[in-house]
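S.K.: Provided below: final.cif, containing mmCIF, C-alpha atoms and all ligand atoms.
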```cif
data_my_file
#
loop_
_atom_site.label_atom_id
_atom_site.label_comp_id
_atom_site.auth_asym_id
_atom_site.auth_seq_id
_atom_site.Cartn_x
_atom_site.Cartn_y
_atom_site.Cartn_z
CA MET A 55 0.00 0.00 0.00
CA ALA A 56 1.34 3.43 -0.87
CA GLU A 57 2.17 5.58 2.11
CA LYS A 58 0.10 8.69 2.56
CA PRO A 59 2.09 11.80 1.73
CA HIS A 60 2.99 13.74 4.87
CA LEU A 61 0.98 16.89 5.38
CA PRO A 62 3.13 19.93 6.07
CA VAL A 63 3.18 20.60 9.84
CA PRO A 64 1.55 23.97 10.50
CA SER A 65 3.88 26.55 12.04
CA GLU A 66 3.28 27.83 15.58
CA GLU A 67 2.03 31.14 14.14
CA GLU A 68 -0.40 29.29 11.89
CA GLN A 69 -1.64 27.21 14.84
CA GLU A 70 -2.22 30.37 16.85
CA ARG A 71 -4.09 31.97 13.97
CA ARG A 72 -6.30 28.89 13.69
CA ARG A 73 -6.87 28.84 17.46
CA PHE A 74 -8.02 32.47 17.55
CA HIS A 75 -10.25 31.82 14.56
CA MET A 76 -11.81 28.80 16.29
CA VAL A 77 -12.49 30.86 19.43
CA GLU A 78 -14.25 33.57 17.42
CA GLU A 79 -16.26 31.25 15.17
CA ASP A 80 -17.06 28.18 17.25
CA LEU A 81 -17.13 29.62 20.80
CA ALA A 82 -17.84 33.39 20.83
CA GLY A 83 -19.91 32.82 17.68
CA ARG A 84 -22.14 30.50 19.71
CA ASP A 85 -23.04 31.03 23.37
CA ILE A 86 -19.65 31.28 25.08
CA ASP A 87 -19.52 34.82 26.46
CA ASP A 88 -17.47 34.47 29.65
CA GLU A 89 -14.34 36.48 28.86
CA ALA A 90 -12.18 34.41 31.22
CA VAL A 91 -13.21 31.23 29.36
CA LEU A 92 -12.61 32.80 25.93
CA ASP A 93 -9.18 34.03 27.07
CA ALA A 94 -8.28 30.58 28.39
CA MET A 95 -9.32 28.97 25.11
CA ARG A 96 -7.13 31.51 23.25
CA SER A 97 -4.18 30.72 25.53
CA VAL A 98 -4.01 26.92 25.73
CA PRO A 99 -2.17 25.37 22.75
CA ARG A 100 -4.58 22.48 22.04
CA HIS A 101 -2.29 21.20 19.24
CA LEU A 102 0.27 20.18 21.88
CA PHE A 103 -2.35 18.02 23.67
CA VAL A 104 -3.18 15.85 20.63
CA PRO A 105 -1.00 13.19 18.97
CA GLU A 106 1.53 14.69 16.57
CA ARG A 107 -0.08 13.16 13.48
CA LEU A 108 -3.37 14.96 14.32
CA ARG A 109 -1.93 18.41 14.99
CA ASP A 110 -3.20 19.67 11.68
CA ARG A 111 -6.76 19.08 12.94
CA ALA A 112 -6.30 20.50 16.45
CA TYR A 113 -8.40 23.60 15.81
CA CYS A 114 -11.34 21.95 14.11
CA ASP A 115 -14.23 21.96 16.58
CA GLY A 116 -14.38 18.21 17.14
CA PRO A 117 -13.09 15.46 19.47
CA LEU A 118 -9.86 13.61 18.56
CA PRO A 119 -8.39 10.27 19.68
CA ILE A 120 -5.61 10.52 22.31
CA GLY A 121 -4.75 6.80 22.65
CA GLU A 122 -5.97 4.08 25.02
CA GLY A 123 -9.39 4.34 23.36
CA GLN A 124 -9.95 7.80 24.87
CA THR A 125 -10.65 11.19 23.29
CA ILE A 126 -9.91 14.86 23.85
CA SER A 127 -13.28 16.63 23.92
CA GLN A 128 -14.58 19.04 21.33
CA PRO A 129 -13.40 22.61 22.10
CA TYR A 130 -16.98 23.93 22.25
CA VAL A 131 -17.90 21.36 24.92
CA VAL A 132 -14.72 22.12 26.92
CA ALA A 133 -15.55 25.86 26.85
CA SER A 134 -19.23 25.31 27.63
CA MET A 135 -18.59 22.99 30.59
CA THR A 136 -15.98 25.41 31.92
CA GLN A 137 -18.38 28.33 31.61
CA LEU A 138 -21.10 26.37 33.43
CA LEU A 139 -18.79 25.92 36.44
CA GLU A 140 -18.82 29.73 37.08
CA LEU A 141 -15.28 29.76 38.47
CA ALA A 142 -13.39 32.64 40.06
CA PRO A 143 -9.62 33.27 40.07
CA SER A 144 -9.48 31.93 43.64
CA SER A 145 -11.37 28.69 42.83
CA LYS A 146 -10.18 25.17 43.56
CA VAL A 147 -11.53 22.70 40.99
CA LEU A 148 -11.70 18.92 40.76
CA GLU A 149 -11.66 17.17 37.38
CA ILE A 150 -12.40 13.47 36.91
CA GLY A 151 -10.76 12.15 33.72
CA THR A 152 -7.48 14.00 33.03
CA GLY A 153 -7.01 12.33 29.62
CA SER A 154 -4.82 14.60 27.47
CA GLY A 155 -4.72 17.31 30.14
CA TYR A 156 -6.33 19.88 27.85
CA GLN A 157 -9.42 20.53 29.95
CA ALA A 158 -7.24 20.71 33.08
CA ALA A 159 -5.02 23.33 31.38
CA VAL A 160 -8.07 25.41 30.42
CA LEU A 161 -9.30 25.27 34.03
CA ALA A 162 -5.81 26.18 35.27
CA GLU A 163 -5.88 29.41 33.24
CA ILE A 164 -9.00 30.51 35.12
CA ALA A 165 -8.86 28.97 38.60
CA ALA A 166 -6.20 28.95 41.32
CA GLU A 167 -5.72 25.19 41.68
CA VAL A 168 -6.85 22.21 39.62
CA TYR A 169 -6.95 18.67 41.01
CA SER A 170 -7.44 16.00 38.38
CA VAL A 171 -7.89 12.23 38.68
CA GLU A 172 -7.03 9.79 35.86
CA VAL A 173 -7.59 6.04 35.96
CA ILE A 174 -5.39 4.86 33.02
CA PRO A 175 -1.70 4.71 34.08
CA GLU A 176 -0.32 5.39 30.55
CA LEU A 177 -2.36 8.59 30.19
CA TYR A 178 -1.55 9.64 33.74
CA GLY A 179 2.20 9.30 33.05
CA ALA A 180 2.28 11.05 29.66
CA THR A 181 -0.05 13.86 30.71
CA THR A 182 1.72 14.58 33.98
CA ARG A 183 4.94 15.02 31.99
CA LEU A 184 3.30 17.27 29.38
CA LEU A 185 1.64 19.55 31.94
CA ARG A 186 4.97 19.90 33.75
CA GLU A 187 6.78 20.71 30.49
CA LEU A 188 4.20 23.36 29.63
CA GLY A 189 4.53 24.93 33.08
CA TYR A 190 1.07 24.18 34.47
CA SER A 191 2.30 24.04 38.05
CA ASN A 192 -1.19 24.64 39.48
CA VAL A 193 -2.51 21.35 38.01
CA HIS A 194 -2.16 18.37 40.34
CA VAL A 195 -2.81 14.95 38.82
CA THR A 196 -3.30 11.68 40.65
CA LEU A 197 -3.78 8.11 39.42
CA GLY A 198 -6.94 6.45 40.68
CA ASP A 199 -10.67 5.92 40.30
CA GLY A 200 -12.38 9.31 40.23
CA PHE A 201 -15.50 7.71 41.70
CA HIS A 202 -13.92 8.50 45.07
CA GLY A 203 -13.02 12.08 44.13
CA TRP A 204 -10.07 13.54 46.03
CA PRO A 205 -11.38 13.86 49.61
CA GLU A 206 -8.08 15.13 51.10
CA LYS A 207 -8.31 18.24 48.89
CA ALA A 208 -12.05 18.90 49.35
CA PRO A 209 -14.11 21.04 49.46
CA PHE A 210 -14.03 22.17 45.82
CA ASP A 211 -15.52 25.28 44.17
CA GLY A 212 -16.38 23.20 41.13
CA ILE A 213 -16.27 19.59 39.92
CA ILE A 214 -16.15 18.52 36.27
CA ILE A 215 -16.46 14.93 35.09
CA THR A 216 -15.23 14.35 31.55
CA ALA A 217 -16.40 10.75 31.10
CA ALA A 218 -20.06 9.71 30.94
CA ALA A 219 -21.45 8.58 34.28
CA PRO A 220 -24.27 6.02 34.45
CA ARG A 221 -25.85 8.21 37.15
CA ILE A 222 -24.96 11.25 39.24
CA PRO A 223 -22.17 10.12 41.62
CA GLU A 224 -23.69 11.47 44.83
CA GLN A 225 -20.63 10.94 47.00
CA LEU A 226 -18.78 13.52 44.89
CA ILE A 227 -21.36 16.15 45.83
CA GLU A 228 -20.10 15.85 49.40
CA GLN A 229 -16.76 17.21 48.14
CA LEU A 230 -18.45 20.28 46.62
CA ARG A 231 -19.09 23.57 48.47
CA VAL A 232 -22.72 24.54 48.99
CA GLY A 233 -23.93 26.73 46.13
CA ARG A 234 -21.26 25.44 43.73
CA HIS A 235 -21.64 23.25 40.64
CA MET A 236 -20.67 19.84 39.31
CA VAL A 237 -20.90 19.54 35.50
CA LEU A 238 -21.03 16.08 33.94
CA PRO A 239 -22.42 13.93 31.12
CA VAL A 240 -25.00 11.42 32.37
CA VAL A 241 -26.13 8.39 30.38
CA THR A 242 -29.90 8.66 29.87
CA MET A 243 -32.40 5.98 30.86
CA ALA A 244 -32.59 4.63 27.34
CA GLY A 245 -28.83 4.08 27.47
CA TRP A 246 -27.73 5.25 24.03
CA THR A 247 -27.66 9.00 24.59
CA GLN A 248 -25.92 11.18 27.13
CA GLN A 249 -27.04 14.49 28.53
CA LEU A 250 -24.89 17.23 29.98
CA GLN A 251 -26.14 18.06 33.47
CA ARG A 252 -25.25 20.69 36.04
CA VAL A 253 -25.71 19.66 39.63
CA THR A 254 -25.74 22.42 42.25
CA ARG A 255 -25.19 21.59 45.89
CA THR A 256 -27.78 23.16 48.19
CA ALA A 257 -27.92 23.35 51.99
CA LYS A 258 -30.24 20.33 52.05
CA GLY A 259 -29.16 18.30 49.02
CA TYR A 260 -28.79 19.25 45.35
CA THR A 261 -30.64 20.48 42.27
CA VAL A 262 -30.13 19.27 38.70
CA GLN A 263 -30.23 21.34 35.53
CA LYS A 264 -30.50 19.32 32.31
CA LEU A 265 -28.67 20.87 29.38
CA TYR A 266 -27.92 19.36 25.97
CA ASP A 267 -26.94 16.00 24.46
CA VAL A 268 -23.26 15.11 24.37
CA ARG A 269 -21.04 12.16 23.53
CA PHE A 270 -18.25 11.14 25.93
CA VAL A 271 -16.36 7.91 26.57
CA PRO A 272 -17.94 5.99 29.46
CA MET A 273 -16.68 6.44 33.02
CA ARG A 274 -15.01 3.24 34.20
CA GLY A 275 -14.33 1.69 37.57
CA GLU A 276 -16.39 1.33 40.67
CA ILE A 277 -19.32 3.43 39.47
CA ASP A 278 -20.29 0.51 37.22
CA ARG A 279 -20.22 -2.03 40.02
CA ARG A 280 -21.81 -0.09 42.84
CA GLN A 281 -25.35 1.09 43.30
CA GLN A 282 -25.68 4.50 44.85
N1 LIG B 1 -10.67 15.85 30.08
C1 LIG B 1 -10.01 15.03 29.08
C2 LIG B 1 -11.01 14.11 28.42
C3 LIG B 1 -10.49 12.72 28.39
S1 LIG B 1 -11.58 11.44 27.95
C4 LIG B 1 -9.22 15.86 28.09
O1 LIG B 1 -9.29 17.10 28.15
O2 LIG B 1 -8.50 15.30 27.27
C5 LIG B 1 -12.08 10.79 29.51
C6 LIG B 1 -10.99 10.40 30.46
O3 LIG B 1 -11.62 9.91 31.65
C7 LIG B 1 -10.09 9.26 29.97
O4 LIG B 1 -8.77 9.64 30.08
C8 LIG B 1 -10.44 8.11 30.91
O5 LIG B 1 -9.36 7.24 31.16
C9 LIG B 1 -10.86 8.85 32.17
N2 LIG B 1 -11.69 8.10 33.11
C10 LIG B 1 -12.70 7.25 32.85
N3 LIG B 1 -13.21 6.74 33.99
C11 LIG B 1 -12.51 7.32 35.01
C12 LIG B 1 -12.56 7.18 36.42
N4 LIG B 1 -13.43 6.38 37.02
N5 LIG B 1 -11.68 7.91 37.16
C13 LIG B 1 -10.77 8.73 36.56
N6 LIG B 1 -10.68 8.88 35.22
C14 LIG B 1 -11.53 8.20 34.46
#
```
Any chance you could put this one into structure tokens?
M.R.:
Amino acid sequence: MAEKPHLPVPSEEEQERRRFHMVEEDLAGRDIDDEAVLDAMRSVPRHLFVPERLRDRAYCDGPLPIGEGQTISQPYVVASMTQLLELAPSSKVLEIGTGSGYQAAVLAEIAAEVYSVEVIPELYGATTRLLRELGYSNVHVTLGDGFHGWPEKAPFDGIIITAAAPRIPEQLIEQLRVGRHMVLPVVTMAGWTQQLQRVTRTAKGYTVQKLYDVRFVPMRGEIDRRQQ
């Protein structure tokens, strides 16, 4: 079989031009209006978070494979979930599903500290190295099942789950401050669609806001084995 000709690798300037264009068209051009989120999306070099052979597609508004059967989310969804968290510069955020580290880097541009849990050792290793190389010293990654959250670092001013949960993991709400949000994809009753939901902790329990349909890789681990 003939080898595919190599595409020319876009220059850093070209990647930045594409990134700014994506932010204007696909984010600001839709309903992303939080300036801190737009600035973060302009700052984080998404092309460095995807495999080298896919760098040419880094600023198309779609998910891309990152190895181990996992994906980096679509930029619009990353921006939208981040906006829904309503973070402040002093916020401490928990992410479940570090993956490529891209979402964590976006959060780190906005919040003070980001704690992220990844369950696949290969991704944990590669991403920890990348985030260190890029200077994201306020992102802290641990290897483990995010079902348990990161209780030693709680309470959080926001929690984001970037893999689809079969139901709302209620024990994570205990690690959230009252009045703050957890944003996550939840598999619907029928089982073949997922819905983005925003859970807000209240003094007595929590409320749920149902947003739009999304497509994430499934959350693994104990959540599958345990009933609430
Ligand atoms: N936020 C990531 C998206 C990665 S895809 C990014 O920006 O690239 C989802 C990730 O969730 C995968 O890396 C997967 O291994 C991880 N994951 C799935 N179940 C998990 C669990 N129970 N605990 C922690 N991470 C989990």
S.K.: Counting all atoms listed in the file, what are the residues, protein, DNA or RNA alike, that approach ligand LIG 1 (chain B) to within 7 Å? I want them as a ChimeraX atom specification.
M.R.: /A:124-127,150-158,171-174,177,198-201,216-217,270-276
S.K.: Can you spit out the residues from that selection as a short mmCIF file (atom, residue, chain, number, x, y, z; two decimals), in the coordinates of the input, using C-alpha atoms?
M.R.:
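So part03.cif came out as:
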```cif
data_model
loop_
_atom_site.label_atom_id
_atom_site.label_comp_id
_atom_site.auth_asym_id
_atom_site.auth_seq_id
_atom_site.Cartn_x
_atom_site.Cartn_y
_atom_site.Cartn_z
CA GLN A 124 -9.95 7.80 24.87
CA THR A 125 -10.65 11.19 23.29
CA ILE A 126 -9.91 14.86 23.85
CA SER A 127 -13.28 16.63 23.92
CA ILE A 150 -12.40 13.47 36.91
CA GLY A 151 -10.76 12.15 33.72
CA THR A 152 -7.48 14.00 33.03
CA GLY A 153 -7.01 12.33 29.62
CA SER A 154 -4.82 14.60 27.47
CA GLY A 155 -4.72 17.31 30.14
CA TYR A 156 -6.33 19.88 27.85
CA GLN A 157 -9.42 20.53 29.95
CA ALA A 158 -7.24 20.71 33.08
CA VAL A 171 -7.89 12.23 38.68
CA GLU A 172 -7.03 9.79 35.86
CA VAL A 173 -7.59 6.04 35.96
CA ILE A 174 -5.39 4.86 33.02
CA LEU A 177 -2.36 8.59 30.19
CA GLY A 198 -6.94 6.45 40.68
CA ASP A 199 -10.67 5.92 40.30
CA GLY A 200 -12.38 9.31 40.23
CA PHE A 201 -15.50 7.71 41.70
CA THR A 216 -15.23 14.35 31.55
CA ALA A 217 -16.40 10.75 31.10
CA PHE A 270 -18.25 11.14 25.93
CA VAL A 271 -16.36 7.91 26.57
CA PRO A 272 -17.94 5.99 29.46
CA MET A 273 -16.68 6.44 33.02
CA ARG A 274 -15.01 3.24 34.20
CA GLY A 275 -14.33 1.69 37.57
CA GLU A 276 -16.39 1.33 40.67
#
```
S.K.: For the atom pair atom CA of A:Asp115 and atom CA of A:Gln128, what is the interatomic distance in Å to one decimal place?
M.R.: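 Interatomic distance here is 5.6 Å.
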S.K.: Atom CA of A:His235 to atom CA of A:Asp267: how many Å, to one decimal?
M.R.: 18.5 Å
S.K.: What separation in Å, quoted to one decimal, exists between atom CA of A:Val77 and atom CA of A:Gly179?
M.R.: 29.4 Å
S.K.: Hey, which of A:Leu148, A:Ala180, A:Ala165, A:Val98 ends up closest to A:Pro205? Count all atoms listed in the file.
M.R.: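 Distance minimum relative to A:Pro205 lands on A:Leu148.
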S.K.: At most 9 Å is the cut-off: for each residue in stretch 73-145 of chain A with any atom that close to an atom of stretch 246-263 of chain A, write down the nearest atom pair and the distance in Å rounded to one decimal, counting all atoms listed in the file, chain first then increasing number, as JSON lines.
M.R.:
```
{"residue": "A:Met135", "atom": "CA", "partner": "A:Leu250", "partner_atom": "CA", "distance": 8.6}
{"residue": "A:Leu138", "atom": "CA", "partner": "A:Arg252", "partner_atom": "CA", "distance": 7.5}
{"residue": "A:Leu139", "atom": "CA", "partner": "A:Arg252", "partner_atom": "CA", "distance": 8.3}
```
S.K.: Please provide as a list in words all residues within 10 Å of A:Asp85, with the sequence filter that same-chain residues fewer than 3 positions apart are discarded (counting all atoms listed in the file).
M.R.: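 Skipping anything fewer than 3 positions along the chain leaves Asp80, Leu81, Ala82, Asp88, Tyr130, Ala133, Ser134 and Gln137 of chain A.
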S.K.: For a quick check of understanding, using all atoms listed in the file, which of A:Gly212, A:Gly121, A:Gly83, A:Pro99 has the smallest distance to A:Glu228?
M.R.: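 Looking at the shortest contact to A:Glu228, the residue is A:Gly212.
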S.K.: So that I can see what lies close to A:Ser97, please list as a ChimeraX atom specification the residues with an atom at most 9 Å from it, counting all atoms listed in the file and leaving out residues fewer than 2 positions away in the same chain.
M.R.: /A:70,73,92-95,99-100,160,163
S.K.: So that I can see what lies close to A:Ile213, please list as a list in words the residues with an atom at most 10 Å from it, counting only C-alpha atoms and leaving out residues fewer than 3 positions away in the same chain.
M.R.: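 Those residues are Thr136, Leu139, Lys146, Val147, Leu148, Glu149, Ile150, Val168, Tyr169, Ser170, Gly203, Pro209, Phe210, Thr216, Leu226, Ile227, Gln229, Leu230, Arg231, Arg234, His235, Met236, Val237, Leu238, Arg252 and Val253 of chain A.
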